[in-house]
Every structure is written in structure tokens, then in C-alpha cells.
>>> print(open('start.cif').read())   # mmCIF, C-alpha atoms
data_entry
loop_
_atom_site.group_PDB
_atom_site.id
_atom_site.type_symbol
_atom_site.label_atom_id
_atom_site.label_comp_id
_atom_site.auth_asym_id
_atom_site.auth_seq_id
_atom_site.Cartn_x
_atom_site.Cartn_y
_atom_site.Cartn_z
ATOM 1 C CA MET A 1 -39.776 29.321 122.541
ATOM 2 C CA GLN A 2 -41.989 30.185 119.585
ATOM 3 C CA ASN A 3 -39.880 28.182 117.123
ATOM 4 C CA LYS A 4 -39.880 25.091 119.366
ATOM 5 C CA GLN A 5 -43.643 25.360 119.836
ATOM 6 C CA SER A 6 -44.278 25.736 116.093
ATOM 7 C CA ASN A 7 -42.027 22.723 115.411
ATOM 8 C CA SER A 8 -44.053 20.674 117.922
ATOM 9 C CA ILE A 9 -47.320 21.706 116.288
ATOM 10 C CA ARG A 10 -45.868 20.962 112.862
ATOM 11 C CA THR A 11 -44.772 17.493 114.022
ATOM 12 C CA VAL A 12 -48.200 16.695 115.499
ATOM 13 C CA VAL A 13 -49.997 17.824 112.338
ATOM 14 C CA ALA A 14 -47.550 15.931 110.104
ATOM 15 C CA THR A 15 -48.015 12.810 112.239
ATOM 16 C CA GLY A 16 -51.808 12.953 111.976
ATOM 17 C CA ILE A 17 -51.942 13.682 108.277
ATOM 18 C CA GLY A 18 -49.140 11.201 107.597
ATOM 19 C CA ALA A 19 -50.924 8.460 109.555
ATOM 20 C CA ALA A 20 -54.129 9.062 107.585
ATOM 21 C CA ILE A 21 -52.303 8.965 104.238
ATOM 22 C CA ILE A 22 -50.375 5.836 105.212
ATOM 23 C CA PHE A 23 -53.594 4.131 106.360
ATOM 24 C CA VAL A 24 -55.336 4.928 103.062
ATOM 25 C CA LEU A 25 -52.334 3.798 101.003
ATOM 26 C CA MET A 26 -51.945 0.560 102.977
ATOM 27 C CA LYS A 27 -55.663 -0.192 102.847
ATOM 28 C CA PHE A 28 -56.512 0.731 99.270
ATOM 29 C CA VAL A 29 -53.286 0.914 97.246
ATOM 30 C CA ALA A 30 -51.503 -2.305 98.200
ATOM 31 C CA ILE A 31 -50.721 -4.892 95.525
ATOM 32 C CA PRO A 32 -50.627 -8.550 96.649
ATOM 33 C CA THR A 33 -47.333 -10.387 96.115
ATOM 34 C CA GLY A 34 -48.705 -13.932 96.212
ATOM 35 C CA ILE A 35 -47.099 -14.520 99.615
ATOM 36 C CA PRO A 36 -49.769 -14.533 102.407
ATOM 37 C CA ASN A 37 -50.158 -11.198 104.254
ATOM 38 C CA THR A 38 -47.439 -9.596 102.135
ATOM 39 C CA GLN A 39 -48.035 -6.882 99.546
ATOM 40 C CA PHE A 40 -46.258 -4.317 97.438
ATOM 41 C CA ASN A 41 -46.868 -1.316 99.634
ATOM 42 C CA VAL A 42 -46.766 2.181 98.140
ATOM 43 C CA ALA A 43 -47.111 3.681 101.637
ATOM 44 C CA ILE A 44 -43.446 2.930 102.342
ATOM 45 C CA GLY A 45 -42.473 5.109 99.371
ATOM 46 C CA PHE A 46 -44.498 7.949 100.864
ATOM 47 C CA LEU A 47 -42.863 7.277 104.251
ATOM 48 C CA ALA A 48 -39.475 8.140 102.751
ATOM 49 C CA LEU A 49 -40.773 11.613 101.882
ATOM 50 C CA LEU A 50 -42.482 12.058 105.246
ATOM 51 C CA GLY A 51 -39.262 11.186 107.082
ATOM 52 C CA ALA A 52 -37.133 13.445 104.897
ATOM 53 C CA ILE A 53 -39.385 16.446 105.510
ATOM 54 C CA PHE A 54 -40.537 16.009 109.111
ATOM 55 C CA GLY A 55 -37.915 13.766 110.726
ATOM 56 C CA PRO A 56 -37.943 10.619 112.856
ATOM 57 C CA VAL A 57 -40.714 11.407 115.359
ATOM 58 C CA ALA A 58 -43.390 12.273 112.801
ATOM 59 C CA ALA A 59 -42.408 9.474 110.403
ATOM 60 C CA GLY A 60 -42.124 6.818 113.111
ATOM 61 C CA LEU A 61 -45.424 7.707 114.782
ATOM 62 C CA ALA A 62 -47.298 8.179 111.502
ATOM 63 C CA VAL A 63 -46.396 4.751 110.142
ATOM 64 C CA PHE A 64 -46.960 3.124 113.538
ATOM 65 C CA ILE A 65 -50.464 4.624 113.799
ATOM 66 C CA GLY A 66 -51.319 4.129 110.113
ATOM 67 C CA HIS A 67 -50.192 0.489 110.137
ATOM 68 C CA ALA A 68 -52.026 -0.229 113.413
ATOM 69 C CA LEU A 69 -55.254 1.293 112.043
ATOM 70 C CA ASN A 70 -54.890 -0.716 108.845
ATOM 71 C CA ASP A 71 -54.461 -3.967 110.796
ATOM 72 C CA PHE A 72 -57.463 -3.198 113.033
ATOM 73 C CA VAL A 73 -59.691 -2.431 110.043
ATOM 74 C CA THR A 74 -58.404 -5.174 107.728
ATOM 75 C CA TYR A 75 -57.727 -8.091 110.089
ATOM 76 C CA GLY A 76 -59.617 -7.173 113.259
ATOM 77 C CA SER A 77 -56.473 -7.120 115.385
ATOM 78 C CA PRO A 78 -52.992 -5.662 115.050
ATOM 79 C CA TRP A 79 -49.860 -7.666 114.295
ATOM 80 C CA TRP A 80 -47.662 -5.767 116.754
ATOM 81 C CA THR A 81 -44.276 -7.097 115.704
ATOM 82 C CA TRP A 82 -44.645 -5.715 112.185
ATOM 83 C CA ILE A 83 -46.273 -2.491 113.389
ATOM 84 C CA ILE A 84 -43.405 -1.786 115.791
ATOM 85 C CA VAL A 85 -40.823 -2.615 113.142
ATOM 86 C CA ASP A 86 -42.622 -0.336 110.662
ATOM 87 C CA GLY A 87 -42.391 2.434 113.270
ATOM 88 C CA LEU A 88 -38.650 1.811 113.550
ATOM 89 C CA VAL A 89 -38.335 2.025 109.756
ATOM 90 C CA GLY A 90 -40.107 5.404 109.922
ATOM 91 C CA VAL A 91 -37.671 6.584 112.597
ATOM 92 C CA ALA A 92 -34.714 5.382 110.492
ATOM 93 C CA PHE A 93 -36.038 7.175 107.392
ATOM 94 C CA GLY A 94 -36.532 10.312 109.500
ATOM 95 C CA LEU A 95 -32.951 10.132 110.729
ATOM 96 C CA ALA A 96 -31.871 10.635 107.099
ATOM 97 C CA LYS A 97 -33.471 14.113 107.130
ATOM 98 C CA ASN A 98 -30.323 15.962 108.177
ATOM 99 C CA ARG A 99 -28.182 14.179 105.602
ATOM 100 C CA LEU A 100 -30.651 14.656 102.724
ATOM 101 C CA LYS A 101 -31.442 18.309 103.589
ATOM 102 C CA ILE A 102 -34.387 18.183 101.212
ATOM 103 C CA ALA A 103 -35.745 21.511 102.501
ATOM 104 C CA ASP A 104 -32.646 23.226 101.067
ATOM 105 C CA GLY A 105 -33.796 22.336 97.552
ATOM 106 C CA ALA A 106 -30.489 20.866 96.428
ATOM 107 C CA LEU A 107 -30.964 17.106 96.237
ATOM 108 C CA LYS A 108 -28.051 15.722 94.263
ATOM 109 C CA THR A 109 -27.899 12.282 92.702
ATOM 110 C CA SER A 110 -25.218 11.262 95.206
ATOM 111 C CA LYS A 111 -27.645 11.910 98.087
ATOM 112 C CA LEU A 112 -30.353 9.853 96.391
ATOM 113 C CA VAL A 113 -27.907 7.000 95.813
ATOM 114 C CA TRP A 114 -26.805 7.197 99.456
ATOM 115 C CA PHE A 115 -30.430 7.202 100.636
ATOM 116 C CA ASN A 116 -31.305 4.181 98.523
ATOM 117 C CA VAL A 117 -28.359 2.174 99.822
ATOM 118 C CA TYR A 118 -29.371 3.257 103.340
ATOM 119 C CA GLN A 119 -33.036 2.325 102.863
ATOM 120 C CA VAL A 120 -32.171 -1.128 101.471
ATOM 121 C CA ILE A 121 -30.060 -1.765 104.587
ATOM 122 C CA VAL A 122 -32.790 -0.403 106.894
ATOM 123 C CA ASN A 123 -35.408 -2.562 105.170
ATOM 124 C CA PHE A 124 -33.136 -5.616 105.383
ATOM 125 C CA VAL A 125 -32.595 -5.222 109.128
ATOM 126 C CA ALA A 126 -36.299 -4.513 109.665
ATOM 127 C CA TRP A 127 -37.929 -7.171 107.510
ATOM 128 C CA VAL A 128 -35.374 -9.969 107.270
ATOM 129 C CA LEU A 129 -34.043 -9.819 110.834
ATOM 130 C CA LEU A 130 -36.365 -8.025 113.288
ATOM 131 C CA ALA A 131 -39.957 -8.675 112.175
ATOM 132 C CA PRO A 132 -39.672 -12.422 111.485
ATOM 133 C CA THR A 133 -37.644 -13.018 114.644
ATOM 134 C CA GLY A 134 -40.286 -11.149 116.633
ATOM 135 C CA ASP A 135 -43.015 -13.290 115.050
ATOM 136 C CA ILE A 136 -41.189 -16.453 116.077
ATOM 137 C CA ILE A 137 -40.549 -15.293 119.645
ATOM 138 C CA ILE A 138 -43.904 -13.605 120.358
ATOM 139 C CA TYR A 139 -46.413 -15.392 118.115
ATOM 140 C CA HIS A 140 -44.610 -18.760 117.754
ATOM 141 C CA GLU A 141 -44.973 -18.583 113.980
ATOM 142 C CA PRO A 142 -43.125 -21.094 111.773
ATOM 143 C CA ALA A 143 -39.705 -19.726 110.820
ATOM 144 C CA SER A 144 -39.968 -20.716 107.142
ATOM 145 C CA LYS A 145 -43.252 -18.791 106.778
ATOM 146 C CA VAL A 146 -42.206 -15.557 108.488
ATOM 147 C CA TYR A 147 -38.738 -15.407 106.938
ATOM 148 C CA LEU A 148 -40.298 -15.850 103.483
ATOM 149 C CA GLN A 149 -42.688 -13.004 104.302
ATOM 150 C CA GLY A 150 -39.803 -10.918 105.642
ATOM 151 C CA ILE A 151 -37.561 -11.450 102.616
ATOM 152 C CA THR A 152 -40.459 -10.666 100.281
ATOM 153 C CA THR A 153 -41.295 -7.501 102.224
ATOM 154 C CA TRP A 154 -37.630 -6.435 102.195
ATOM 155 C CA ILE A 155 -37.514 -6.751 98.404
ATOM 156 C CA VAL A 156 -40.843 -5.081 97.604
ATOM 157 C CA ASP A 157 -40.437 -2.295 100.186
ATOM 158 C CA SER A 158 -36.925 -1.558 98.908
ATOM 159 C CA ILE A 159 -38.301 -1.368 95.361
ATOM 160 C CA SER A 160 -41.183 0.851 96.485
ATOM 161 C CA VAL A 161 -38.832 3.297 98.195
ATOM 162 C CA ALA A 162 -36.347 3.191 95.311
ATOM 163 C CA ILE A 163 -39.039 4.085 92.784
ATOM 164 C CA ILE A 164 -41.845 5.934 94.575
ATOM 165 C CA GLY A 165 -39.772 7.363 97.421
ATOM 166 C CA THR A 166 -36.971 8.584 95.155
ATOM 167 C CA LEU A 167 -39.469 10.156 92.771
ATOM 168 C CA LEU A 168 -41.317 11.923 95.605
ATOM 169 C CA LEU A 169 -38.050 13.151 97.151
ATOM 170 C CA ALA A 170 -36.791 14.508 93.827
ATOM 171 C CA LEU A 171 -40.106 16.187 92.989
ATOM 172 C CA TYR A 172 -40.421 17.757 96.442
ATOM 173 C CA ALA A 173 -36.835 19.048 96.339
ATOM 174 C CA ARG A 174 -37.612 20.801 93.050
ATOM 175 C CA THR A 175 -40.373 22.777 94.768
ATOM 176 C CA ARG A 176 -37.929 24.211 97.321
ATOM 177 C CA THR A 177 -35.851 27.309 96.671
ATOM 178 C CA GLN A 178 -32.170 26.422 96.829
ATOM 179 C CA ARG A 179 -30.390 28.082 99.713
ATOM 180 C CA GLY A 180 -28.235 30.937 98.413
ATOM 181 C CA SER A 181 -29.899 30.981 94.994
ATOM 182 C CA LEU A 182 -31.605 34.329 95.470
ATOM 183 C CA LYS A 183 -29.428 37.394 94.936
ATOM 184 C CA LYS A 184 -30.160 40.913 96.021
ATOM 185 C CA GLU A 185 -30.533 43.266 93.060
ATOM 186 C CA LYS A 186 -28.380 46.379 92.959
#
>>> encode(input="start.cif", output="C-alpha cells")
Amino acid sequence: MQNKQSNSIRTVVATGIGAAIIFVLMKFVAIPTGIPNTQFNVAIGFLALLGAIFGPVAAGLAVFIGHALNDFVTYGSPWWTWIIVDGLVGVAFGLAKNRLKIADGALKTSKLVWFNVYQVIVNFVAWVLLAPTGDIIIYHEPASKVYLQGITTWIVDSISVAIIGTLLLALYARTRTQRGSLKKEK
């Protein structure tokens, strides 16, 4: 019971801190792409690390909350289709936790390559298929506009994760003691 309770507390704390970090990164460290309402977002690179450490619940909720807060503060109202899709991206990144096993300290190049192929596919489904289609169905936005935004977001988010996310994952893994690396002295 104690372990389950401490994992729940850990997830809640990670969600809150993660949401705050994502909000700050989305609000103050976003670089415009030239396409309306689309920016190079460093928060998505951080999301890769959050998902790899804390899993799908913390990552999904943190990005959902952080993105919603950013939209409220920046635009006055949330753009729910993109917020929900961002939450799904967080869940997908968190689902990679068990495959990456970053807490074990051994993050091989093959795992990073796998994760980057995975994240490009996740971002494609999220930003080229789901978010623009949701905008058309729910908000009746012009298809050419939202698919351009979606394709741009897919490209810049994939780049952000490939550079920032990979760097954060590799650096974090180096701080962990590799399982089985400590030997008892005789």
C-alpha cells in the first residue's frame, strides 16, 4: 500500500510541477514560425523527459493543464482541440517510459533512435491528423489553414523533441546509477 500511495503522490507532484514548467515554457520560450498561432515550442522537448520519468498520467495531465493555462492567459480562451491532442501526445510519450527505462541509467543510442522514430509518428498523428480535423469539425475552421498549422507543428515539435528531448533524456540518464553497476566489496 505504501508504494502505491507514494507513486500517487509522486504523480500528483510531477503533474503540478510539470504543468507549471510547461506553462512557463509555452508562454515565454516559444519562437514564432511565421504561421499564425504556430510556434517552435521547447515545452514539447521537456514533455519527452517528463513522460519518460513519470509516465502517461503525469505527462498527459501536465501538458493538458499547462497548455490550457497558456491559452487562457495568452488568448483569453482555450483552443480545446489542440489542448486535448497535446494531452494525448503527453500520454503517448509517457507510454514510452517502460521501453526507455531511463531510471535504470542505461539509455543506449538504439533506444533514442527508437524514441525519435516513435515521437515523429506520434506528432504526425497528433498534429497532421487529429488536431486539424478536430478544428474543422468543432470550430469550422478552413481546412487549408488548420492543415498548414498542423503540418508546421508536426515538423517543429518533432525537431524540438529530437534535439531538446533527446538531450534532456540523455543527460538525465547519465545522472542515474546503472542497474547492476555497483558491486559488493569483499
>>> closest_atom_pairs(input="start.cif", of="region 52-87 of chain A", to="region 12-18 of chain A", cutoff="10 Å", atoms="only C-alpha atoms", output="CSV")
residue,atom,partner,partner_atom,distance
A:Ile53,CA,A:Ala14,CA,9.4
A:Phe54,CA,A:Ala14,CA,7.1
A:Gly55,CA,A:Ala14,CA,9.9
A:Val57,CA,A:Thr15,CA,8.1
A:Ala58,CA,A:Thr15,CA,4.7
A:Ala59,CA,A:Thr15,CA,6.8
A:Gly60,CA,A:Thr15,CA,8.4
A:Leu61,CA,A:Thr15,CA,6.3
A:Ala62,CA,A:Thr15,CA,4.7
A:Val63,CA,A:Gly18,CA,7.5
A:Phe64,CA,A:Thr15,CA,9.8
A:Ile65,CA,A:Gly16,CA,8.6
A:Gly66,CA,A:Gly18,CA,7.8
>>> residues_around(input="start.cif", residues="region 21-26 of chain A", least_positions_apart="6", cutoff="12 Å", atoms="all atoms listed in the file", output="mmCIF file with C-alpha atoms, keeping the file's coordinate frame")
data_model
loop_
_atom_site.group_PDB
_atom_site.id
_atom_site.type_symbol
_atom_site.label_atom_id
_atom_site.label_comp_id
_atom_site.auth_asym_id
_atom_site.auth_seq_id
_atom_site.Cartn_x
_atom_site.Cartn_y
_atom_site.Cartn_z
ATOM 1 C CA ALA A 14 -47.550 15.931 110.104
ATOM 2 C CA THR A 15 -48.015 12.810 112.239
ATOM 3 C CA PRO A 32 -50.627 -8.550 96.649
ATOM 4 C CA ASN A 37 -50.158 -11.198 104.254
ATOM 5 C CA THR A 38 -47.439 -9.596 102.135
ATOM 6 C CA GLN A 39 -48.035 -6.882 99.546
ATOM 7 C CA PHE A 40 -46.258 -4.317 97.438
ATOM 8 C CA ASN A 41 -46.868 -1.316 99.634
ATOM 9 C CA VAL A 42 -46.766 2.181 98.140
ATOM 10 C CA ALA A 43 -47.111 3.681 101.637
ATOM 11 C CA ILE A 44 -43.446 2.930 102.342
ATOM 12 C CA GLY A 45 -42.473 5.109 99.371
ATOM 13 C CA PHE A 46 -44.498 7.949 100.864
ATOM 14 C CA LEU A 47 -42.863 7.277 104.251
ATOM 15 C CA ALA A 48 -39.475 8.140 102.751
ATOM 16 C CA LEU A 49 -40.773 11.613 101.882
ATOM 17 C CA LEU A 50 -42.482 12.058 105.246
ATOM 18 C CA ALA A 59 -42.408 9.474 110.403
ATOM 19 C CA GLY A 60 -42.124 6.818 113.111
ATOM 20 C CA LEU A 61 -45.424 7.707 114.782
ATOM 21 C CA ALA A 62 -47.298 8.179 111.502
ATOM 22 C CA VAL A 63 -46.396 4.751 110.142
ATOM 23 C CA PHE A 64 -46.960 3.124 113.538
ATOM 24 C CA ILE A 65 -50.464 4.624 113.799
ATOM 25 C CA GLY A 66 -51.319 4.129 110.113
ATOM 26 C CA HIS A 67 -50.192 0.489 110.137
ATOM 27 C CA ALA A 68 -52.026 -0.229 113.413
ATOM 28 C CA LEU A 69 -55.254 1.293 112.043
ATOM 29 C CA ASN A 70 -54.890 -0.716 108.845
ATOM 30 C CA ASP A 71 -54.461 -3.967 110.796
ATOM 31 C CA PHE A 72 -57.463 -3.198 113.033
ATOM 32 C CA VAL A 73 -59.691 -2.431 110.043
ATOM 33 C CA THR A 74 -58.404 -5.174 107.728
ATOM 34 C CA ASP A 86 -42.622 -0.336 110.662
ATOM 35 C CA GLY A 87 -42.391 2.434 113.270
ATOM 36 C CA GLY A 90 -40.107 5.404 109.922
#
>>> residues_around(input="start.cif", residues="Thr166 (chain A)", least_positions_apart="3", cutoff="10 Å", atoms="all atoms listed in the file", output="PyMOL selection string")
chain A and resi 45-46+48-49+112-113+115-116+160-163+169-172
>>> atom_distance(input="start.cif", atom1="CA of Phe124 (chain A)", atom2="CA of Tyr147 (chain A)")
11.4 Å
>>> closest_residue(input="start.cif", among="A:Ala92, A:Ile84, A:Ile151, A:Ala143", to="Val128 (chain A)", atoms="only C-alpha atoms")
A:Ile151
>>> closest_residue(input="start.cif", among="A:Leu95, A:Val156, A:Leu100, A:Val89", to="Val125 (chain A)", atoms="all atoms listed in the file")
A:Val89
>>> atom_distance(input="start.cif", atom1="CA of Pro78 (chain A)", atom2="CA of Gly134 (chain A)")
13.9 Å
>>> atom_distance(input="start.cif", atom1="CA of Asp135 (chain A)", atom2="CA of Thr152 (chain A)")
15.2 Å
>>> closest_residue(input="start.cif", among="A:Ile155, A:Ile31, A:Leu107, A:Asn7", to="Ala126 (chain A)", atoms="only C-alpha atoms")
A:Ile155
>>> decode(input="start.cif", residues="region 108-127 of chain A", atoms="N, CA, C and O atoms", output="PDB file, in the first residue's frame")
ATOM      1  N   LYS A 108      20.693   3.553 -24.275  1.00  0.00           N
ATOM      2  CA  LYS A 108      21.532   3.308 -25.445  1.00  0.00           C
ATOM      3  C   LYS A 108      21.037   4.101 -26.640  1.00  0.00           C
ATOM      4  O   LYS A 108      19.873   4.508 -26.700  1.00  0.00           O
ATOM      5  N   THR A 109      21.917   4.288 -27.597  1.00  0.00           N
ATOM      6  CA  THR A 109      21.587   5.010 -28.820  1.00  0.00           C
ATOM      7  C   THR A 109      20.397   4.379 -29.522  1.00  0.00           C
ATOM      8  O   THR A 109      19.541   5.087 -30.052  1.00  0.00           O
ATOM      9  N   SER A 110      20.310   3.061 -29.515  1.00  0.00           N
ATOM     10  CA  SER A 110      19.193   2.383 -30.187  1.00  0.00           C
ATOM     11  C   SER A 110      17.849   2.773 -29.577  1.00  0.00           C
ATOM     12  O   SER A 110      16.857   2.920 -30.289  1.00  0.00           O
ATOM     13  N   LYS A 111      17.812   2.982 -28.257  1.00  0.00           N
ATOM     14  CA  LYS A 111      16.569   3.415 -27.606  1.00  0.00           C
ATOM     15  C   LYS A 111      16.229   4.852 -27.986  1.00  0.00           C
ATOM     16  O   LYS A 111      15.056   5.187 -28.173  1.00  0.00           O
ATOM     17  N   LEU A 112      17.237   5.698 -28.096  1.00  0.00           N
ATOM     18  CA  LEU A 112      16.990   7.083 -28.509  1.00  0.00           C
ATOM     19  C   LEU A 112      16.512   7.147 -29.955  1.00  0.00           C
ATOM     20  O   LEU A 112      15.626   7.936 -30.284  1.00  0.00           O
ATOM     21  N   VAL A 113      17.087   6.324 -30.809  1.00  0.00           N
ATOM     22  CA  VAL A 113      16.637   6.274 -32.207  1.00  0.00           C
ATOM     23  C   VAL A 113      15.186   5.789 -32.255  1.00  0.00           C
ATOM     24  O   VAL A 113      14.340   6.385 -32.934  1.00  0.00           O
ATOM     25  N   TRP A 114      14.893   4.703 -31.514  1.00  0.00           N
ATOM     26  CA  TRP A 114      13.523   4.205 -31.466  1.00  0.00           C
ATOM     27  C   TRP A 114      12.575   5.300 -30.984  1.00  0.00           C
ATOM     28  O   TRP A 114      11.512   5.514 -31.579  1.00  0.00           O
ATOM     29  N   PHE A 115      12.934   5.990 -29.898  1.00  0.00           N
ATOM     30  CA  PHE A 115      12.057   7.021 -29.356  1.00  0.00           C
ATOM     31  C   PHE A 115      11.825   8.129 -30.370  1.00  0.00           C
ATOM     32  O   PHE A 115      10.711   8.632 -30.495  1.00  0.00           O
ATOM     33  N   ASN A 116      12.852   8.523 -31.098  1.00  0.00           N
ATOM     34  CA  ASN A 116      12.670   9.603 -32.061  1.00  0.00           C
ATOM     35  C   ASN A 116      11.819   9.193 -33.247  1.00  0.00           C
ATOM     36  O   ASN A 116      11.031   9.997 -33.745  1.00  0.00           O
ATOM     37  N   VAL A 117      11.922   7.969 -33.689  1.00  0.00           N
ATOM     38  CA  VAL A 117      11.005   7.485 -34.732  1.00  0.00           C
ATOM     39  C   VAL A 117       9.576   7.481 -34.178  1.00  0.00           C
ATOM     40  O   VAL A 117       8.630   7.952 -34.822  1.00  0.00           O
ATOM     41  N   TYR A 118       9.433   6.977 -32.957  1.00  0.00           N
ATOM     42  CA  TYR A 118       8.130   6.932 -32.281  1.00  0.00           C
ATOM     43  C   TYR A 118       7.529   8.330 -32.133  1.00  0.00           C
ATOM     44  O   TYR A 118       6.364   8.551 -32.460  1.00  0.00           O
ATOM     45  N   GLN A 119       8.324   9.293 -31.664  1.00  0.00           N
ATOM     46  CA  GLN A 119       7.790  10.632 -31.428  1.00  0.00           C
ATOM     47  C   GLN A 119       7.412  11.325 -32.725  1.00  0.00           C
ATOM     48  O   GLN A 119       6.450  12.100 -32.762  1.00  0.00           O
ATOM     49  N   VAL A 120       8.136  11.081 -33.808  1.00  0.00           N
ATOM     50  CA  VAL A 120       7.763  11.671 -35.106  1.00  0.00           C
ATOM     51  C   VAL A 120       6.411  11.120 -35.553  1.00  0.00           C
ATOM     52  O   VAL A 120       5.557  11.862 -36.052  1.00  0.00           O
ATOM     53  N   ILE A 121       6.191   9.824 -35.341  1.00  0.00           N
ATOM     54  CA  ILE A 121       4.904   9.211 -35.696  1.00  0.00           C
ATOM     55  C   ILE A 121       3.788   9.754 -34.805  1.00  0.00           C
ATOM     56  O   ILE A 121       2.707  10.108 -35.284  1.00  0.00           O
ATOM     57  N   VAL A 122       4.050   9.834 -33.500  1.00  0.00           N
ATOM     58  CA  VAL A 122       3.056  10.381 -32.559  1.00  0.00           C
ATOM     59  C   VAL A 122       2.709  11.809 -32.944  1.00  0.00           C
ATOM     60  O   VAL A 122       1.523  12.183 -33.019  1.00  0.00           O
ATOM     61  N   ASN A 123       3.723  12.631 -33.206  1.00  0.00           N
ATOM     62  CA  ASN A 123       3.470  14.019 -33.597  1.00  0.00           C
ATOM     63  C   ASN A 123       2.719  14.110 -34.916  1.00  0.00           C
ATOM     64  O   ASN A 123       1.864  14.975 -35.088  1.00  0.00           O
ATOM     65  N   PHE A 124       3.016  13.221 -35.858  1.00  0.00           N
ATOM     66  CA  PHE A 124       2.298  13.218 -37.135  1.00  0.00           C
ATOM     67  C   PHE A 124       0.810  12.942 -36.918  1.00  0.00           C
ATOM     68  O   PHE A 124      -0.045  13.685 -37.410  1.00  0.00           O
ATOM     69  N   VAL A 125       0.517  11.881 -36.183  1.00  0.00           N
ATOM     70  CA  VAL A 125      -0.890  11.530 -35.930  1.00  0.00           C
ATOM     71  C   VAL A 125      -1.586  12.674 -35.197  1.00  0.00           C
ATOM     72  O   VAL A 125      -2.714  13.057 -35.541  1.00  0.00           O
ATOM     73  N   ALA A 126      -0.905  13.246 -34.211  1.00  0.00           N
ATOM     74  CA  ALA A 126      -1.497  14.312 -33.400  1.00  0.00           C
ATOM     75  C   ALA A 126      -1.756  15.577 -34.196  1.00  0.00           C
ATOM     76  O   ALA A 126      -2.867  16.115 -34.194  1.00  0.00           O
ATOM     77  N   TRP A 127      -0.718  16.068 -34.887  1.00  0.00           N
ATOM     78  CA  TRP A 127      -0.782  17.414 -35.456  1.00  0.00           C
ATOM     79  C   TRP A 127      -1.187  17.466 -36.922  1.00  0.00           C
ATOM     80  O   TRP A 127      -1.686  18.489 -37.379  1.00  0.00           O
TER      81      TRP A 127
END
